[in-house]
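Colleague: Following this line is structure.txt, made up of compact mmCIF, C-alpha atoms:
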```txt
# COMPACT_ATOMS: atom_id res chain seq x y z
CA MET A 22 0.00 0.00 0.00
CA GLN A 23 1.43 3.37 -1.01
CA PRO A 24 1.63 5.81 1.94
CA ALA A 25 -0.56 8.89 2.03
CA PRO A 26 2.43 11.28 2.17
CA ASN A 27 3.23 10.43 -1.45
CA LYS A 28 0.15 12.48 -2.40
CA TYR A 29 2.35 15.56 -2.03
CA PHE A 30 5.00 14.09 -4.31
CA ARG A 31 2.45 13.19 -6.98
CA ARG A 32 0.87 16.63 -6.91
CA ARG A 33 4.15 18.46 -7.27
CA LEU A 34 5.48 16.43 -10.15
CA ALA A 35 2.51 14.96 -11.97
CA SER A 36 0.37 18.08 -12.18
CA ARG A 37 3.14 20.68 -12.44
CA SER A 38 0.57 23.19 -11.20
CA PHE A 39 3.33 25.47 -10.00
CA ARG A 40 4.86 28.42 -11.84
CA ALA A 41 8.58 28.96 -12.42
CA ARG A 42 8.68 31.81 -9.90
CA ASP A 43 6.92 29.59 -7.33
CA ARG A 44 9.65 26.97 -7.37
CA ALA A 45 12.77 26.71 -5.30
CA PRO A 46 15.85 24.78 -6.41
CA ALA A 47 15.51 21.08 -7.02
CA PHE A 48 18.26 20.58 -4.50
CA LEU A 49 15.77 21.67 -1.83
CA THR A 50 12.43 20.18 -2.71
CA ALA A 51 13.90 16.72 -2.38
CA GLY A 52 13.65 17.41 1.35
CA LEU A 53 9.87 17.68 1.17
CA ILE A 54 8.88 14.54 -0.73
CA ALA A 55 6.30 12.29 0.91
CA GLY A 56 5.63 14.63 3.81
CA VAL A 57 8.43 12.97 5.80
CA SER A 58 11.00 15.25 4.22
CA LEU A 59 12.40 13.55 1.19
CA PHE A 60 14.55 15.94 -0.67
CA PHE A 61 14.50 17.18 -4.32
CA SER A 62 12.46 19.38 -7.03
CA ALA A 63 13.26 21.89 -9.82
CA ALA A 64 16.78 23.10 -10.47
CA TRP A 65 18.62 25.44 -12.77
CA VAL A 66 20.96 25.47 -15.80
CA LEU A 67 22.80 28.22 -17.63
CA GLN A 68 25.00 27.99 -20.69
CA ALA A 69 28.76 27.84 -20.13
CA ASP A 70 30.69 31.08 -19.70
CA SER A 71 34.36 31.93 -19.51
CA ALA A 72 34.16 34.48 -16.68
CA GLU A 73 36.89 34.49 -14.06
CA LYS A 74 36.48 31.82 -11.42
CA PRO A 75 35.93 33.11 -7.85
CA SER A 76 38.45 31.85 -5.32
CA ASP A 77 36.03 31.58 -2.41
CA ALA A 78 33.65 28.65 -2.94
CA GLU A 79 31.36 29.62 -0.09
CA ALA A 80 31.10 33.21 -1.32
CA LEU A 81 30.20 31.89 -4.76
CA VAL A 82 27.41 29.76 -3.27
CA ARG A 83 26.07 32.78 -1.39
CA GLU A 84 26.02 34.81 -4.60
CA MET A 85 24.26 31.95 -6.36
CA VAL A 86 21.61 31.79 -3.63
CA ARG A 87 20.93 35.52 -3.98
CA ALA A 88 20.70 35.27 -7.77
CA GLU A 89 18.42 32.23 -7.66
CA THR A 90 16.08 33.79 -5.11
CA LYS A 91 15.83 37.01 -7.10
CA ALA A 92 15.12 35.13 -10.33
CA GLN A 93 12.41 32.98 -8.77
CA LEU A 94 10.60 35.95 -7.24
CA ASN A 95 10.82 38.12 -10.35
CA ASP A 96 9.94 35.57 -13.03
CA HIS A 97 6.41 36.24 -14.28
CA SER A 98 6.67 34.38 -17.58
CA LEU A 99 4.13 31.79 -18.74
CA TRP A 100 5.02 28.74 -20.81
CA ARG A 101 3.62 25.82 -22.71
CA TYR A 102 5.71 22.65 -22.83
CA ARG A 103 5.75 18.87 -23.18
CA GLU A 104 6.36 16.75 -20.08
CA ILE A 105 7.26 13.07 -19.83
CA ILE A 106 7.14 11.43 -16.41
CA ASN A 107 8.26 7.86 -15.80
CA ARG A 108 7.01 6.69 -12.41
CA GLY A 109 6.60 3.12 -11.25
CA GLY A 110 7.22 1.77 -14.73
CA ARG A 111 4.43 3.90 -16.26
CA LYS A 112 5.48 6.64 -18.68
CA GLU A 113 3.01 9.48 -19.11
CA THR A 114 3.31 12.21 -21.73
CA ARG A 115 1.48 15.45 -21.00
CA ASP A 116 0.96 18.83 -22.61
CA VAL A 117 1.17 21.65 -20.08
CA VAL A 118 0.03 25.28 -20.31
CA GLN A 119 0.61 27.83 -17.56
CA THR A 120 -1.80 30.68 -16.80
CA GLN A 121 -1.85 33.42 -14.17
CA SER A 122 -4.62 31.50 -12.39
CA GLY A 123 -2.85 28.15 -12.40
CA THR A 124 -1.48 25.45 -14.68
CA LEU A 125 -3.45 23.00 -16.81
CA ASP A 126 -2.10 19.77 -18.23
CA ARG A 127 -3.53 17.14 -20.56
CA LEU A 128 -2.51 13.49 -20.75
CA VAL A 129 -1.75 12.65 -24.39
CA ALA A 130 0.00 9.26 -24.24
CA VAL A 131 0.81 6.38 -21.90
CA ASP A 132 3.91 4.26 -22.55
CA GLY A 133 4.21 5.84 -25.97
CA GLU A 134 0.64 5.04 -27.07
CA ARG A 135 -1.85 7.84 -27.65
CA LEU A 136 -5.13 7.74 -25.75
CA ASP A 137 -8.16 6.07 -27.31
CA SER A 138 -11.37 8.00 -27.90
CA HIS A 139 -12.87 7.09 -24.52
CA GLN A 140 -9.73 8.17 -22.66
CA GLN A 141 -9.62 11.41 -24.63
CA GLN A 142 -13.20 12.14 -23.68
CA LYS A 143 -12.36 11.66 -20.01
CA GLU A 144 -9.43 14.04 -20.39
CA ASP A 145 -11.74 16.59 -22.07
CA GLN A 146 -14.03 16.45 -19.05
CA ARG A 147 -11.23 16.61 -16.48
CA VAL A 148 -9.48 19.58 -18.10
CA HIS A 149 -12.80 21.41 -18.58
CA ARG A 150 -13.71 20.94 -14.91
CA LEU A 151 -10.39 22.32 -13.78
CA ALA A 152 -10.44 25.25 -16.22
CA THR A 153 -13.90 26.34 -15.11
CA ASN A 154 -13.45 25.79 -11.37
CA SER A 155 -11.62 28.85 -10.07
CA ASN A 156 -11.67 27.50 -6.50
CA ASP A 157 -9.70 24.37 -7.44
CA LEU A 158 -7.14 26.39 -9.41
CA ALA A 159 -6.77 28.92 -6.60
CA LYS A 160 -6.32 26.16 -4.02
CA ALA A 161 -3.63 24.41 -6.08
CA LYS A 162 -1.81 27.68 -6.67
CA ARG A 163 -1.98 28.62 -2.99
CA GLU A 164 -0.62 25.24 -1.89
CA THR A 165 2.30 25.32 -4.29
CA SER A 166 3.12 28.93 -3.39
CA GLU A 167 3.28 27.91 0.27
CA ASP A 168 5.52 24.98 -0.62
CA ALA A 169 7.79 27.28 -2.63
CA GLU A 170 8.15 29.75 0.22
CA ARG A 171 9.14 26.92 2.57
CA GLU A 172 11.66 25.70 0.01
CA ARG A 173 13.14 29.17 -0.39
CA ARG A 174 13.84 29.20 3.32
CA LEU A 175 15.81 25.99 2.81
CA LEU A 176 17.66 27.68 -0.04
CA GLN A 177 18.88 30.35 2.34
CA MET A 178 20.49 27.65 4.49
CA LEU A 179 22.71 26.20 1.77
CA PRO A 180 25.81 28.35 2.38
CA ASP A 181 25.85 27.34 6.05
CA ALA A 182 24.64 23.75 5.74
CA PHE A 183 27.58 22.47 3.68
CA HIS A 184 31.30 22.78 3.15
CA TYR A 185 32.29 23.39 -0.48
CA GLN A 186 35.45 22.52 -2.36
CA GLU A 187 36.31 23.69 -5.85
CA GLN A 188 37.10 20.94 -8.35
CA GLY A 189 38.06 23.11 -11.31
CA THR A 190 36.01 24.08 -14.33
CA GLU A 191 34.07 21.89 -16.74
CA ASP A 192 32.71 23.35 -19.98
CA GLY A 193 33.03 26.80 -18.49
CA LEU A 194 31.16 25.89 -15.31
CA ILE A 195 32.71 25.90 -11.84
CA HIS A 196 32.48 22.45 -10.29
CA LEU A 197 32.05 22.29 -6.51
CA LYS A 198 31.77 19.29 -4.24
CA PHE A 199 29.64 19.66 -1.13
CA SER A 200 29.55 17.76 2.15
CA PRO A 201 27.65 18.32 5.42
CA ASN A 202 28.83 21.06 7.76
CA PRO A 203 28.92 19.33 11.18
CA ASP A 204 28.36 22.70 12.92
CA PHE A 205 25.10 23.35 11.07
CA ARG A 206 22.01 23.12 13.27
CA ALA A 207 18.90 22.15 11.33
CA SER A 208 15.81 24.12 12.37
CA THR A 209 13.30 21.93 10.50
CA ARG A 210 12.86 18.26 9.62
CA GLU A 211 13.42 19.16 5.98
CA ALA A 212 16.79 20.66 6.80
CA MET A 213 17.80 17.52 8.72
CA VAL A 214 18.50 15.90 5.36
CA PHE A 215 21.41 18.32 4.91
CA HIS A 216 23.38 16.37 7.52
CA HIS A 217 23.28 13.26 5.31
CA LEU A 218 23.88 14.61 1.80
CA THR A 219 27.03 14.76 -0.28
CA GLY A 220 27.26 15.62 -3.93
CA ASP A 221 28.32 17.95 -6.72
CA LEU A 222 27.08 21.19 -8.18
CA TRP A 223 28.12 23.32 -11.12
CA ILE A 224 27.74 27.12 -11.11
CA ASN A 225 28.03 29.60 -13.96
CA SER A 226 30.35 32.26 -12.57
CA GLN A 227 29.05 35.21 -14.57
CA ALA A 228 25.32 34.80 -13.97
CA LYS A 229 25.76 33.17 -10.54
CA ARG A 230 23.27 30.45 -11.47
CA LEU A 231 23.43 26.77 -10.61
CA ALA A 232 23.83 24.76 -13.79
CA ARG A 233 23.15 21.30 -12.40
CA ILE A 234 23.29 19.34 -9.18
CA SER A 235 23.40 15.73 -8.00
CA GLY A 236 23.48 14.27 -4.53
CA THR A 237 23.52 11.06 -2.51
CA LEU A 238 22.30 10.19 0.98
CA ASN A 239 25.51 8.90 2.53
CA SER A 240 23.75 7.65 5.65
CA GLU A 241 20.24 6.79 6.79
CA VAL A 242 17.99 9.74 7.61
CA LYS A 243 15.76 9.23 10.66
CA PHE A 244 12.80 11.43 11.52
CA GLY A 245 11.60 11.57 15.12
CA GLY A 246 14.29 9.09 16.11
CA GLY A 247 12.93 6.75 13.46
CA LEU A 248 9.37 6.77 14.81
CA LEU A 249 8.11 9.10 12.06
CA GLY A 250 10.08 7.38 9.34
CA HIS A 251 13.42 7.18 7.63
CA LEU A 252 15.11 7.38 4.26
CA ASN A 253 17.53 4.66 3.27
CA ARG A 254 21.21 5.26 2.69
CA GLY A 255 22.19 5.45 -0.97
CA GLY A 256 19.19 7.41 -2.24
CA THR A 257 20.10 9.74 -5.09
CA PHE A 258 18.78 12.69 -7.04
CA SER A 259 19.99 14.76 -9.98
CA VAL A 260 18.54 17.80 -11.70
CA ARG A 261 19.25 19.89 -14.77
CA GLN A 262 17.64 22.99 -16.17
CA GLN A 263 18.28 25.21 -19.15
CA ASP A 264 17.47 28.63 -20.47
CA VAL A 265 14.26 28.00 -22.40
CA GLY A 266 14.10 31.50 -23.84
CA ASN A 267 13.76 35.13 -22.80
CA GLY A 268 16.26 34.58 -20.01
CA THR A 269 13.99 32.13 -18.20
CA TRP A 270 15.33 28.90 -16.72
CA GLU A 271 13.18 25.82 -16.37
CA MET A 272 13.85 22.27 -15.26
CA THR A 273 14.44 19.92 -18.17
CA ASN A 274 15.60 16.72 -16.44
CA LEU A 275 15.06 15.21 -13.02
CA ASP A 276 15.93 11.79 -11.62
CA VAL A 277 15.00 10.75 -8.07
CA GLN A 278 15.73 7.31 -6.64
CA MET A 279 14.75 7.16 -2.96
CA SER A 280 13.28 4.58 -0.60
CA GLY A 281 12.52 4.18 3.09
CA LYS A 282 9.67 3.97 5.60
CA ALA A 283 6.94 6.45 6.49
CA LEU A 284 4.83 6.73 9.62
CA PHE A 285 3.71 3.31 10.91
CA PHE A 286 6.21 1.59 8.60
CA HIS A 287 4.52 2.14 5.26
CA SER A 288 7.07 1.85 2.49
CA ILE A 289 8.23 4.88 0.58
CA THR A 290 9.53 4.16 -2.88
CA VAL A 291 10.22 7.13 -5.10
CA HIS A 292 11.71 6.11 -8.41
CA GLN A 293 10.91 8.81 -10.90
CA THR A 294 12.39 10.50 -13.93
CA GLN A 295 10.99 13.59 -15.57
CA GLU A 296 11.80 15.37 -18.81
CA CYS A 297 10.40 18.73 -19.97
CA SER A 298 10.94 20.06 -23.48
CA ASP A 299 9.52 22.11 -26.33
CA PHE A 300 9.03 25.24 -24.25
CA ARG A 301 7.07 28.01 -25.94
CA PRO A 302 6.01 31.30 -24.32
CA VAL A 303 2.30 32.05 -24.00
CA ASN A 304 0.50 35.36 -23.64
CA SER A 305 0.43 36.71 -20.09
CA GLY A 306 -3.32 37.28 -20.37
CA ILE A 307 -4.24 33.70 -21.28
CA THR A 308 -7.23 32.38 -19.33
CA PRO A 309 -7.68 28.82 -18.04
CA GLU A 310 -10.48 28.32 -20.60
CA GLN A 311 -8.16 29.41 -23.42
CA ALA A 312 -5.44 27.13 -22.11
CA ALA A 313 -7.88 24.19 -22.11
CA ALA A 314 -8.86 24.99 -25.70
CA MET A 315 -5.19 25.16 -26.69
CA LEU A 316 -4.56 21.72 -25.19
CA LYS A 317 -7.59 20.29 -27.01
CA GLN A 318 -6.55 21.78 -30.36
CA ASN A 319 -3.05 20.40 -30.01
CA GLN A 320 -4.41 16.93 -29.24
CA GLN A 321 -6.58 17.04 -32.37
CA ALA A 322 -3.71 18.29 -34.54
CA GLU A 323 -1.38 15.53 -33.33
CA ALA A 324 -4.07 12.89 -33.88
CA ARG A 325 -4.49 14.02 -37.51
CA ALA A 326 -0.75 14.11 -38.05
CA ASN A 327 -0.15 10.67 -36.49
CA PRO A 328 -3.25 8.53 -37.08
CA ALA A 329 -1.25 5.30 -36.75
CA SER A 330 -0.38 6.13 -33.15
CA GLN A 331 -4.02 6.40 -32.11
CA LYS A 332 -5.22 3.58 -29.82
CA LYS A 333 -8.23 1.68 -31.03
```
Written as structure tokens, how would this file's structure read?

Modeller:
Amino acid sequence: MQPAPNKYFRRRLASRSFRARDRAPAFLTAGLIAGVSLFFSAAWVLQADSAEKPSDAEALVREMVRAETKAQLNDHSLWRYREIINRGGRKETRDVVQTQSGTLDRLVAVDGERLDSHQQQKEDQRVHRLATNSNDLAKAKRETSEDAERERRLLQMLPDAFHYQEQGTEDGLIHLKFSPNPDFRASTREAMVFHHLTGDLWINSQAKRLARISGTLNSEVKFGGGLLGHLNRGGTFSVRQQDVGNGTWEMTNLDVQMSGKALFFHSITVHQTQECSDFRPVNSGITPEQAAAMLKQNQQAEARANPASQKK
């Protein structure tokens, strides 16, 4: 039986109902998975640059944190993109459109096969309900905004939570290794994960943006002395993001492989990969109803262009 806390994980990744400015670095959200503080989410990438490498790794991380926070709070762009999520051996392909009121997505294929007519009809109904129910959209947006604010607080802890060592440059990016700072005192259960993580990050020195990050739990994480749950040693995550246009960075790849126990010994198994591509800007005034129509039109256009892929 899958534990209830995984509801949070599914909402954050499957629906993508959060905006770019509402998201904190992927390095942080991993601490919130499954309500018992798993630890991952959306990250950042910037193209390589040849700017001079700072000599103080910690100072560079602090500059990166300031730049990331500023970018997240000031990004008001809206996007349409294609998302592929592979979770539990099931690969779902979705079209996603962001609006000021919230984000709508439409399932277009499962394991590479397009939906049949009955499944498409169900998607029509689901998307229409969401687009016309302002309360549901507002609730989803409020929840993800609250999550993002909590994650930004974790972001502020990064310079103090780890020790950093420069490893040179790779493709114009500064490579740093990080390991737990034993003097860091975690103020939340989410931040407790910091004491167990080691990994690598790559920062663009000119823009002070994090290009990519990967980490490993080098020891078991226990919550409430183990009574509330634990995460097993060896869990991993990695995240990449790229400039998708107009100076906006979005996550393009995510890989989380975690396992453990939740409250009352329910198993937690988070094996998920996610890819986002084909980003296109949309008008800032787009309504949820217009977004739903856009998703429907795209489904019809793809069906006409690829009739052989349609399920019978």

Colleague: Find the residues near Ser200 (chain A): any atom within 7 Å, counting all atoms listed in the file, skip ones fewer than 5 places away on the same chain, and give them as a count of residues only.

Modeller: 6

Colleague: Name the residues within 6 Å of (14.5, 2.4, 1.7), counting all atoms listed in the file in the file's coordinates, and put them as a short mmCIF file (atom, residue, chain, number, x, y, z; two decimals) with C-alpha atoms, in the coordinates of the input.

Modeller:
```
data_model
loop_
_atom_site.label_atom_id
_atom_site.label_comp_id
_atom_site.auth_asym_id
_atom_site.auth_seq_id
_atom_site.Cartn_x
_atom_site.Cartn_y
_atom_site.Cartn_z
CA LEU A 252 15.11 7.38 4.26
CA ASN A 253 17.53 4.66 3.27
CA SER A 280 13.28 4.58 -0.60
CA GLY A 281 12.52 4.18 3.09
#
```

Colleague: Just want the 12 Å neighbourhood of Gln141 (chain A), counted on all atoms listed in the file, with same-chain residues fewer than 6 positions away dropped. Output as a VMD selection string.

Modeller: chain A and resid 127 to 131 135 147 to 148 316 to 317 320 to 321 324 331 to 333

Colleague: Residues within 8 Å of Lys112 (chain A), please, as JSON, numbers by chain. Count all atoms listed in the file; anything in the same chain fewer than 5 positions from it doesn't count.

Modeller: {"A": [105, 106, 107, 131, 132, 133]}

Colleague: Give as a ChimeraX atom specification every residue, naming chains and numbers as the document does, that has an atom within 12 Å of (-10.6, 24.2, -19.3), counting only C-alpha atoms.

Modeller: /A:118-120,122-127,144-155,157-158,307-317

Colleague: Hey, can you check how far CA of Asp264 (chain A) sits from CA of Glu191 (chain A)?

Modeller: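 CA of Glu191 (chain A) lies at a distance of 18.3 Å from CA of Asp264 (chain A).
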
Colleague: Please, what distance in Å, to one decimal, runs between CA of Val242 (chain A) and CA of Thr209 (chain A)?

Modeller: 13.4 Å

Colleague: So, with all atoms listed in the file as the atoms that count, which of A:Val86, A:Ile234, A:Ala322, A:Val303 lies closest to Gln121 (chain A)?

Modeller: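 The shortest atom-to-atom distance to Gln121 (chain A) comes from A:Val303.
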
Colleague: Could you check how far CA of Ile195 (chain A) sits from CA of Ser259 (chain A), in Å to one decimal?

Modeller: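 Taking CA of Ile195 (chain A) as the start and CA of Ser259 (chain A) as the end point, the length is 17.0 Å.
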
Colleague: With only C-alpha atoms as the basis for distance, which of A:Phe258, A:Phe215, A:Trp223, A:Tyr102 is at the shortest distance from Ala78 (chain A)?

Modeller: A:Trp223

Colleague: Which residue is closest to Arg87 (chain A)? Choose from A:Gln140, A:Asn274, A:Ser240, A:Gln177 and count all atoms listed in the file.

Modeller: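 For Arg87 (chain A), the nearest of the candidates is A:Gln177.
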
Colleague: Axis-aligned box over every listed atom of region 200-216 of chain A, padded by 5 Å per side: centre and edges in Å to one decimal, as JSON?

Modeller:
```
{"center_x": 21.2, "center_y": 20.0, "center_z": 7.7, "size_x": 26.7, "size_y": 18.2, "size_z": 21.1}
```

Colleague: Select, from A:Thr273, A:Asn319, A:Gln278, A:Thr190, the residue with the minimum atom-to-atom distance to Gln295 (chain A), counting only C-alpha atoms.

Modeller: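 Using only C-alpha atoms, Gln295 (chain A) sits closest to A:Thr273.
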